[in-house]
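Peer 1: What follows is entry-v2.cif, made up of mmCIF, C-alpha atoms and all ligand atoms:
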```cif
data_my_file
#
loop_
_atom_site.label_atom_id
_atom_site.label_comp_id
_atom_site.auth_asym_id
_atom_site.auth_seq_id
_atom_site.Cartn_x
_atom_site.Cartn_y
_atom_site.Cartn_z
CA MET A 1 5.75 17.67 -28.01
CA ASP A 2 8.79 19.33 -29.60
CA LYS A 3 11.84 17.40 -30.81
CA ILE A 4 13.99 18.32 -27.79
CA LYS A 5 11.33 17.07 -25.37
CA GLN A 6 10.86 13.90 -27.45
CA ASP A 7 14.59 13.14 -27.33
CA LEU A 8 14.63 13.77 -23.59
CA MET A 9 11.63 11.48 -23.01
CA LYS A 10 13.29 8.76 -25.06
CA GLU A 11 16.54 9.10 -23.09
CA VAL A 12 14.63 8.84 -19.81
CA ALA A 13 12.55 5.88 -21.05
CA ASP A 14 15.77 4.06 -22.06
CA LEU A 15 17.30 4.77 -18.66
CA ILE A 16 14.24 3.34 -16.90
CA LYS A 17 14.25 0.23 -19.09
CA GLN A 18 17.78 -0.56 -17.93
CA GLY A 19 16.32 -1.21 -14.47
CA GLY A 20 17.63 -0.45 -11.00
CA VAL A 21 14.99 2.24 -10.62
CA VAL A 22 13.53 3.48 -7.33
CA ALA A 23 10.72 6.04 -7.02
CA PHE A 24 10.52 8.60 -4.23
CA THR A 25 7.07 10.13 -3.99
CA GLY A 26 5.34 12.93 -2.12
CA ALA A 27 1.89 14.45 -1.88
CA GLY A 28 2.06 15.78 -5.46
CA ILE A 29 1.63 12.33 -6.98
CA SER A 30 -1.82 12.07 -5.37
CA VAL A 31 -3.04 15.55 -6.32
CA GLU A 32 -4.56 14.26 -9.56
CA SER A 33 -6.42 11.67 -7.45
CA GLY A 34 -8.11 14.56 -5.66
CA ILE A 35 -6.00 14.66 -2.50
CA PRO A 36 -4.65 18.14 -1.77
CA PRO A 37 -0.93 18.52 -1.01
CA PHE A 38 0.35 19.91 2.30
CA ARG A 39 2.06 23.10 1.13
CA GLY A 40 0.90 25.83 -1.23
CA ALA A 41 -2.34 27.80 -1.51
CA LYS A 42 -4.60 24.73 -1.70
CA GLY A 43 -2.54 22.73 0.77
CA LEU A 44 -3.82 21.20 3.99
CA TRP A 45 -1.37 23.33 5.98
CA SER A 46 -2.86 26.58 4.63
CA LYS A 47 -6.15 25.59 6.27
CA TYR A 48 -4.76 23.89 9.37
CA ASN A 49 -1.62 25.42 10.83
CA PRO A 50 0.74 22.45 11.30
CA GLU A 51 2.03 24.03 14.53
CA GLU A 52 -1.47 23.55 15.93
CA TYR A 53 -2.52 20.33 14.21
CA ALA A 54 0.45 18.24 13.15
CA TYR A 55 2.68 17.93 16.19
CA ILE A 56 2.46 14.91 18.45
CA GLU A 57 2.38 17.21 21.50
CA THR A 58 -0.80 18.83 20.16
CA PHE A 59 -2.42 15.47 19.58
CA LEU A 60 -1.63 14.41 23.13
CA ARG A 61 -2.89 17.71 24.55
CA ASN A 62 -5.96 18.14 22.38
CA PRO A 63 -6.94 15.05 20.33
CA GLU A 64 -10.43 16.44 19.74
CA LYS A 65 -9.02 19.40 17.81
CA VAL A 66 -6.58 17.31 15.77
CA TRP A 67 -9.33 14.84 14.84
CA ILE A 68 -11.21 17.70 13.11
CA MET A 69 -8.32 17.93 10.64
CA LEU A 70 -7.93 14.14 10.47
CA ARG A 71 -11.60 13.64 9.56
CA GLU A 72 -11.20 16.01 6.62
CA MET A 73 -8.03 14.24 5.53
CA TYR A 74 -9.70 10.81 5.67
CA ARG A 75 -12.71 12.07 3.67
CA CYS A 76 -10.35 13.06 0.84
CA PHE A 77 -8.72 9.62 0.99
CA SER A 78 -11.98 7.70 0.87
CA GLU A 79 -12.96 9.15 -2.51
CA ALA A 80 -9.50 8.88 -4.03
CA LYS A 81 -8.44 6.32 -6.60
CA PRO A 82 -4.92 5.70 -7.93
CA ASN A 83 -4.10 7.83 -10.96
CA LEU A 84 -1.96 7.09 -14.01
CA ALA A 85 1.28 7.89 -12.17
CA HIS A 86 0.56 5.35 -9.40
CA LEU A 87 -0.50 2.77 -12.01
CA VAL A 88 2.56 3.18 -14.22
CA LEU A 89 4.89 2.81 -11.22
CA ALA A 90 3.14 -0.46 -10.36
CA GLU A 91 3.56 -1.58 -13.98
CA PHE A 92 7.28 -0.70 -13.90
CA GLU A 93 7.62 -3.00 -10.90
CA THR A 94 5.85 -5.84 -12.72
CA LYS A 95 8.11 -5.34 -15.74
CA GLY A 96 11.16 -5.55 -13.49
CA TYR A 97 12.37 -1.97 -14.02
CA LEU A 98 11.41 -0.64 -10.59
CA GLU A 99 12.71 -2.06 -7.32
CA ALA A 100 10.55 -0.13 -4.87
CA VAL A 101 8.49 2.94 -4.20
CA ILE A 102 9.59 4.99 -1.21
CA THR A 103 6.72 7.25 -0.27
CA GLN A 104 6.06 10.01 2.21
CA ASN A 105 2.35 9.57 1.53
CA ILE A 106 -0.09 7.96 3.92
CA ASP A 107 -2.95 7.43 1.46
CA SER A 108 -2.20 3.81 0.39
CA LEU A 109 -2.71 4.71 -3.28
CA HIS A 110 0.52 3.00 -4.39
CA GLN A 111 -0.70 -0.27 -2.89
CA LYS A 112 -4.17 0.23 -4.40
CA ALA A 113 -2.48 0.69 -7.79
CA GLY A 114 -0.79 -2.70 -7.39
CA SER A 115 2.70 -1.75 -6.19
CA LYS A 116 4.05 -4.54 -3.98
CA LYS A 117 7.21 -3.07 -2.53
CA VAL A 118 6.17 0.19 -0.92
CA ILE A 119 8.24 1.76 1.85
CA GLU A 120 6.07 4.13 3.86
CA LEU A 121 8.32 6.63 5.59
CA HIS A 122 5.54 8.56 7.30
CA GLY A 123 3.41 5.61 8.29
CA SER A 124 -0.08 4.95 6.99
CA GLY A 125 -3.63 6.08 7.52
CA ASP A 126 -4.84 2.51 6.98
CA ARG A 127 -4.85 1.80 10.71
CA LEU A 128 -5.31 3.55 14.03
CA VAL A 129 -3.18 2.92 17.07
CA CYS A 130 -3.61 3.42 20.79
CA LEU A 131 -0.63 5.35 22.06
CA ASP A 132 -1.08 3.78 25.48
CA CYS A 133 -1.40 0.02 24.94
CA LYS A 134 -0.25 0.06 21.24
CA LYS A 135 -3.28 -1.96 20.09
CA GLU A 136 -3.90 -1.41 16.37
CA TYR A 137 -7.27 -1.10 14.62
CA PRO A 138 -7.71 -1.31 10.82
CA PHE A 139 -9.20 2.00 9.72
CA ILE A 140 -12.89 1.95 8.82
CA GLU A 141 -15.10 4.90 7.86
CA GLU A 142 -17.24 4.33 10.98
CA TYR A 143 -14.46 5.83 13.09
CA LEU A 144 -15.09 9.21 11.48
CA LYS A 145 -18.58 9.32 13.01
CA LEU A 146 -17.36 8.87 16.56
CA THR A 147 -17.24 12.03 18.66
CA PRO A 148 -15.16 13.60 19.97
CA TYR A 149 -12.74 10.98 18.58
CA PRO A 150 -12.32 7.19 18.32
CA LYS A 151 -11.08 5.53 21.50
CA CYS A 152 -9.23 2.35 22.37
CA GLU A 153 -11.66 -0.39 23.45
CA ARG A 154 -9.12 -1.61 26.01
CA CYS A 155 -8.00 1.61 27.70
CA ASN A 156 -10.45 4.23 26.46
CA LYS A 157 -7.57 6.46 25.32
CA PRO A 158 -7.78 8.40 22.01
CA LEU A 159 -6.76 6.48 18.89
CA LYS A 160 -4.28 8.09 16.54
CA PRO A 161 -3.74 7.19 12.86
CA ALA A 162 -0.51 5.23 12.43
CA ILE A 163 1.02 8.23 10.68
CA VAL A 164 4.13 10.09 11.73
CA PHE A 165 3.33 13.41 13.36
CA PHE A 166 5.97 16.13 13.61
CA GLY A 167 8.05 15.38 16.69
CA GLU A 168 7.72 11.61 16.23
CA PRO A 169 10.53 9.42 14.91
CA LEU A 170 10.17 7.79 11.50
CA PRO A 171 9.70 4.00 11.46
CA GLU A 172 13.28 2.75 11.83
CA LYS A 173 13.04 -0.23 9.48
CA ALA A 174 11.42 1.79 6.68
CA LEU A 175 14.05 4.51 6.99
CA SER A 176 16.99 2.11 6.87
CA GLN A 177 15.47 0.18 3.93
CA ALA A 178 14.95 3.46 2.10
CA PHE A 179 18.59 4.51 2.58
CA GLU A 180 19.81 1.10 1.38
CA LEU A 181 17.64 1.36 -1.72
CA VAL A 182 18.76 4.85 -2.74
CA LYS A 183 22.42 3.99 -2.16
CA SER A 184 22.25 1.13 -4.65
CA CYS A 185 19.76 2.35 -7.27
CA LYS A 186 20.84 3.52 -10.73
CA VAL A 187 17.93 5.90 -11.20
CA LEU A 188 15.78 7.73 -8.68
CA ILE A 189 12.49 9.15 -9.95
CA VAL A 190 11.41 11.93 -7.60
CA ILE A 191 7.72 12.77 -7.99
CA GLY A 192 5.67 15.51 -6.36
CA THR A 193 7.63 16.42 -3.27
CA SER A 194 8.82 19.82 -2.13
CA GLY A 195 11.83 18.15 -0.46
CA VAL A 196 11.73 20.17 2.72
CA VAL A 197 10.75 17.64 5.38
CA TYR A 198 13.67 15.76 6.89
CA PRO A 199 14.94 13.10 7.29
CA ALA A 200 12.98 11.84 4.22
CA ALA A 201 14.28 14.78 2.19
CA TYR A 202 17.87 13.47 2.50
CA LEU A 203 17.14 10.45 0.31
CA PRO A 204 17.57 12.03 -3.15
CA TYR A 205 20.85 13.65 -2.04
CA GLU A 206 22.06 10.26 -0.85
CA ALA A 207 21.05 8.69 -4.19
CA LYS A 208 22.95 11.36 -6.11
CA ARG A 209 26.04 10.95 -3.92
CA SER A 210 25.96 7.23 -4.64
CA GLY A 211 25.93 7.83 -8.39
CA ALA A 212 22.24 7.59 -9.31
CA LYS A 213 20.66 9.71 -12.02
CA ILE A 214 17.85 11.88 -10.66
CA ILE A 215 14.69 12.29 -12.72
CA GLU A 216 12.26 14.78 -11.21
CA ILE A 217 8.61 15.44 -12.05
CA ASN A 218 6.95 18.46 -10.49
CA PRO A 219 5.01 21.42 -11.92
CA GLU A 220 7.08 23.62 -9.57
CA GLU A 221 10.77 23.65 -8.77
CA SER A 222 11.66 21.86 -5.56
CA ALA A 223 14.64 21.89 -3.22
CA TYR A 224 16.28 19.38 -5.58
CA THR A 225 15.62 20.92 -8.99
CA ASN A 226 18.62 23.21 -9.23
CA SER A 227 20.93 21.22 -7.00
CA ILE A 228 20.87 17.52 -7.90
CA THR A 229 18.20 16.88 -10.55
CA ASP A 230 19.55 15.55 -13.86
CA TYR A 231 16.26 15.49 -15.79
CA PHE A 232 13.55 17.93 -14.71
CA PHE A 233 10.04 17.60 -16.11
CA LYS A 234 8.15 20.70 -15.07
CA GLU A 235 4.70 19.17 -15.34
CA LYS A 236 2.05 17.19 -13.54
CA ALA A 237 2.86 13.56 -12.86
CA GLY A 238 -0.11 12.40 -14.98
CA GLU A 239 1.08 14.41 -17.97
CA PHE A 240 4.62 13.07 -17.68
CA PHE A 241 3.55 9.44 -17.52
CA LYS A 242 1.10 9.89 -20.39
CA ASN A 243 3.91 11.25 -22.58
CA LEU A 244 6.35 8.61 -21.38
CA SER A 245 4.01 5.80 -22.38
CA PHE A 246 4.79 6.53 -26.06
CA PHE A 247 8.44 5.68 -25.43
CA TYR A 248 8.60 2.74 -23.09
CA ASN A 249 6.18 0.17 -24.52
N1 LIG B 1 2.20 16.19 -10.05
C1 LIG B 1 3.43 16.23 -9.48
N2 LIG B 1 3.74 17.09 -8.48
C2 LIG B 1 2.79 17.93 -8.06
C3 LIG B 1 1.47 17.93 -8.60
C4 LIG B 1 1.19 17.02 -9.65
N3 LIG B 1 0.00 16.94 -10.24
N4 LIG B 1 0.75 18.88 -7.95
C5 LIG B 1 1.56 19.44 -7.04
N5 LIG B 1 2.80 18.88 -7.09
C6 LIG B 1 3.99 19.17 -6.28
C7 LIG B 1 4.06 20.57 -5.68
O1 LIG B 1 4.61 21.49 -6.61
C8 LIG B 1 4.97 20.35 -4.48
O2 LIG B 1 6.34 20.52 -4.82
O3 LIG B 1 3.97 18.31 -5.17
C9 LIG B 1 4.72 18.88 -4.11
C10 LIG B 1 3.96 18.69 -2.82
O4 LIG B 1 4.73 19.20 -1.75
P1 LIG B 1 4.24 19.11 -0.24
O5 LIG B 1 2.83 19.57 -0.13
O6 LIG B 1 5.27 19.81 0.57
O7 LIG B 1 4.25 17.54 0.04
P2 LIG B 1 5.44 16.59 0.47
O8 LIG B 1 6.72 17.02 -0.15
O9 LIG B 1 4.98 15.21 0.24
O10 LIG B 1 5.51 16.87 2.03
C11 LIG B 1 6.40 16.12 2.82
O11 LIG B 1 5.44 17.09 4.77
O12 LIG B 1 3.82 17.78 6.32
C12 LIG B 1 4.53 16.77 5.80
O13 LIG B 1 4.27 14.60 6.51
C13 LIG B 1 3.87 15.46 5.48
O14 LIG B 1 4.73 13.68 4.09
C14 LIG B 1 4.50 15.07 4.17
C15 LIG B 1 5.80 15.88 4.17
#
```
If you convert what's in this file into structure tokens, what do you get?
Peer 2:
Amino acid sequence: MDKIKQDLMKEVADLIKQGGVVAFTGAGISVESGIPPFRGAKGLWSKYNPEEYAYIETFLRNPEKVWIMLREMYRCFSEAKPNLAHLVLAEFETKGYLEAVITQNIDSLHQKAGSKKVIELHGSGDRLVCLDCKKEYPFIEEYLKLTPYPKCERCNKPLKPAIVFFGEPLPEKALSQAFELVKSCKVLIVIGTSGVVYPAAYLPYEAKRSGAKIIEINPEESAYTNSITDYFFKEKAGEFFKNLSFFYN
């Protein structure tokens, strides 16, 4: 690491240690756990056109088709373990630096890493829900074997993961908690999101408007990089947190 990078890492580590930190995460933080992102050449949406697979209307019209994509998604989740980035965020919470993780992810890896305060903006794959009677079922692998798709035991209607499809509103409480958090945080660490899916994508802009410093980690530039980011680390989340560990202990 050159001297300039070292100084920058130290500055960022000192900022984090002052507390009042919130993390905003996207699919990129779980890439090193083996879960592909949504966008880009290896992304889920390059294999499954979101117009055909990710809208609530499509699920209602053709659940069998959408469950083909969902099965693949769940298989990636089942083998995935939290990586260093998830673990360090959990440690920051324990040390009192980090107030919460706001995530767009549905893979539960922040919770598996030990994070306690996790705001899930796009729901979670950890349970299935009947759109008719609203009964919820904790997700178990067995559901992936059911053809053409798992059904509600009460009304025999297709079960849908409790994740937010395009065309569905975000969970109201999570969204309002997220806005409160970014309005009052001193530092927002933005990790692995392209920043193009709204309303979640508003959060870093809101943080910046409220005076927070924006630290961004992403091997590619995002919608935020050249507009609001104060410290940009153009690298994988795992690499960033490995380097940071030399400065914050
Ligand atoms: N570390 C950090 N960032 C990474 C890594 C890595 N190892 N690998 C890839 N990235 C970055 C990519 O450069 C990209 O900017 O992660 C980002 C992933 O972007 P998207 O695939 O668009 O994921 P995300 O921003 O979370 O998508 C938002 O879109 O379809 C929806 O509901 C879905 O929650 C999702 C939302």
Peer 1: Please provide the set of residues having any atom within 10 Å of stretch 229-236 of chain A, restricted to all atoms listed in the file, with same-chain residues fewer than 4 positions apart removed, written as a ChimeraX atom specification.
Peer 2: /A:5,8-9,11-12,28-29,31-32,85,188-192,204-205,208,212-225,240-241
Peer 1: To one decimal place, how far is atom CA of A:Ala113 from atom CA of A:Glu91 in Å?
Peer 2: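 Atom CA of A:Ala113 sits 8.9 Å away from atom CA of A:Glu91.
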Peer 1: Write out as a Markdown table a residue-level contact list of stretch 8-95 of chain A versus stretch 145-158 of chain A with cut-off 10 Å: for each qualifying residue the closest pair of atoms and the distance in Å to one decimal, counting only C-alpha atoms, rows sorted by chain and residue number upward.
Peer 2:
```
| residue | atom | partner | partner_atom | distance |
| --- | --- | --- | --- | --- |
| A:Phe59 | CA | A:Pro158 | CA | 9.2 |
| A:Leu60 | CA | A:Pro158 | CA | 8.7 |
| A:Asn62 | CA | A:Pro158 | CA | 9.9 |
| A:Pro63 | CA | A:Pro158 | CA | 6.9 |
| A:Glu64 | CA | A:Pro148 | CA | 5.5 |
| A:Lys65 | CA | A:Pro148 | CA | 8.7 |
| A:Val66 | CA | A:Tyr149 | CA | 9.3 |
| A:Trp67 | CA | A:Tyr149 | CA | 6.4 |
| A:Ile68 | CA | A:Tyr149 | CA | 8.8 |
| A:Leu70 | CA | A:Tyr149 | CA | 9.9 |
| A:Arg71 | CA | A:Lys145 | CA | 8.9 |
```
Peer 1: Tell me, as a list in words, which residues lie within 10 Å of A:Tyr48, counting only C-alpha atoms; anything in the same chain fewer than 3 positions away does not count.
Peer 2: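 Returned residues: Phe38, Gly43, Leu44, Trp45, Glu51, Glu52, Tyr53, Ala54, Val66, Ile68 and Met69 of chain A.
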Peer 1: Nearest to A:Glu141 among A:Ile163, A:Tyr74, A:Val101, A:Tyr55, with distances taken over only C-alpha atoms: which residue is it?
Peer 2: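 Using only C-alpha atoms, the shortest distance to A:Glu141 belongs to A:Tyr74.
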Peer 1: Pick out the residues sitting within 10 Å of A:Val88, and hand them over as a PyMOL selection string; count all atoms listed in the file, and ignore anything fewer than 5 positions along from it in its own chain.
Peer 2: chain A and resi 83+93-94+113-115+238+241-242+244-245
Peer 1: What is the atom CA of A:Leu159-atom CA of A:Asp126 distance in Å, reported with one decimal?
Peer 2: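 Separation between atom CA of A:Leu159 and atom CA of A:Asp126: 12.7 Å.
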Peer 1: Mind checking which residues fall within 12 Å of A:Val118, counting all atoms listed in the file, ignoring those fewer than 4 positions away in the same chain, and posting them as JSON, numbers by chain?
Peer 2: {"A": [22, 23, 24, 25, 86, 89, 90, 93, 98, 99, 100, 101, 102, 103, 104, 105, 106, 107, 108, 109, 110, 111, 112, 113, 114, 122, 123, 124, 174, 175, 177, 178, 181]}
Peer 1: A:Phe139, A:Phe166, A:Tyr202, A:Tyr248: which is nearest ligand LIG 1 (chain B), counting all atoms listed in the file?
Peer 2: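 When distances to ligand LIG 1 (chain B) are compared using all atoms listed in the file, the smallest one comes from A:Phe166.
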Peer 1: Which is closer to A:Lys160 than all the others in A:Gly96, A:Pro82, A:Gly34, A:Gly125, using only C-alpha atoms?
Peer 2: A:Gly125
Peer 1: Considering all atoms listed in the file, state which residue in the set A:Gln6, A:Ser78, A:Ser194, A:Ser176 is at the smallest distance from A:Leu121.
Peer 2: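 Comparing A:Gln6, A:Ser78, A:Ser194, A:Ser176 against A:Leu121, the winner is A:Ser176.
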Peer 1: Rounded to one decimal, what separation in Å do you get between atom CA of A:Lys81 and atom CA of A:Ser30?
Peer 2: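 So the answer is 8.9 Å.
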Peer 1: My list of candidates is A:Glu136, A:Glu172, A:Glu120, A:Glu206. Which is closest to ligand LIG 1 (chain B) when distances are computed with all atoms listed in the file?
Peer 2: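 Of the candidates, the smallest distance to ligand LIG 1 (chain B) is held by A:Glu120.
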Peer 1: Which is closest to ligand LIG 1 (chain B) among A:Leu131, A:Ala201, A:Leu87, A:Ala27, if we use only C-alpha atoms and all ligand atoms?
Peer 2: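 Nearest candidate to ligand LIG 1 (chain B) out of A:Leu131, A:Ala201, A:Leu87, A:Ala27: A:Ala27.
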